[in-house]
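Written out below as structure tokens is the structure these notes cover.
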Amino acid sequence: MLSSRFRCLALSLILVCLLALVASSPSWAEARHRTVRQIIVPLEDRFTPFAITIRVGQTVEWVNNDADDHTVVSDDAFNTAGHRGVDVILPANGGTYRLTFKHAGVFPFYCRFHAMLDTQNQPIAPGPDGGIKDSNNNFGTPMSGVVTVLGED
Ligand SMILES: [Cu+2]
């Protein structure tokens, strides 16, 4: 008798605790808006993923896991998502940089050490003046990426 009453009390207590936990935690939608999406520089001259899609209010964090410094520079000719004039160093071995996007649009960016803009403002590999050449004499994909920011639900 006592043990079943105790069990009932214990279960009620657990239920109350669970309800309190659910009530105090943010909704799934709120939590999703708060997420930080990462763009990583691996041990290579590139950003991965190359393209990500986020929602207004979300934050992007660039993380440099390479042994060289890199940069995040906004391509303002095409940037419609705000944060114009971004030009920051991502220090080697774990340097980070965060931007929270408050406007829908696109945010093309590149690393000015490993890409440059052509006359049409398109990121291109730096070429013979400091480019990255593979064994086929190809200067490859410039170190760049794009964040697409979608509006509110
Ligand atoms: Cu770079």
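Each chain in the structure tokens gets a letter, A, B and so on, in the order shown; residues start at 1 in every chain, and ligands are counted from 1 in the order they appear.
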inquiry  = Neighbours of ligand 1 at 9 Å or closer, counting only C-alpha atoms and all ligand atoms: which residues, as a PyMOL selection string?
reply    = chain A and resi 41+44-47+68-72+90+110-115+143-144
message = Give me the residues near A:Thr100 as JSON, numbers by chain, where near means some atom within 8 Å (using only C-alpha atoms) and where sequence neighbours in that chain fewer than 6 positions away do not count.
response = {"A": [57, 58, 59, 60]}
message = What's the separation between atom CA of A:Pro42 and atom CA of A:Tyr97, in Å to one decimal place?
response = 15.1 Å
message = Which residues are near A:Arg98? Cut-off 12 Å, only C-alpha atoms, ignore same chain within fewer than 6 positions. Put them as a PyMOL selection string.
response = chain A and resi 36-39+58-64+72+83+86+88-90
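The nearest approach to A:Asp76 among the residues A:Ile40, A:Ala104, A:Pro49, A:Pro123, with only C-alpha atoms taken into account, belongs to A:Pro123.
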message = My list of candidates is A:Gly105, A:Asp87, A:Leu11, A:Phe50. Which is closest to A:Val73 when distances are computed with only C-alpha atoms?
response = A:Asp87
message = Applying 10 Å and only C-alpha atoms, which residues near A:Thr80 remain after dropping the ones on its own chain fewer than 5 positions away? List them as a VMD selection string.
response = chain A and resid 75 103 to 108 148 to 149
key: Separation of atom CA of A:Asn79 from atom CA of A:Val147, in Å and rounded to one decimal   = 9.6 Å
query = Distance atom CA of A:Thr53-atom CA of A:Gln120, one decimal place?
reply =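 So the answer is 24.1 Å.
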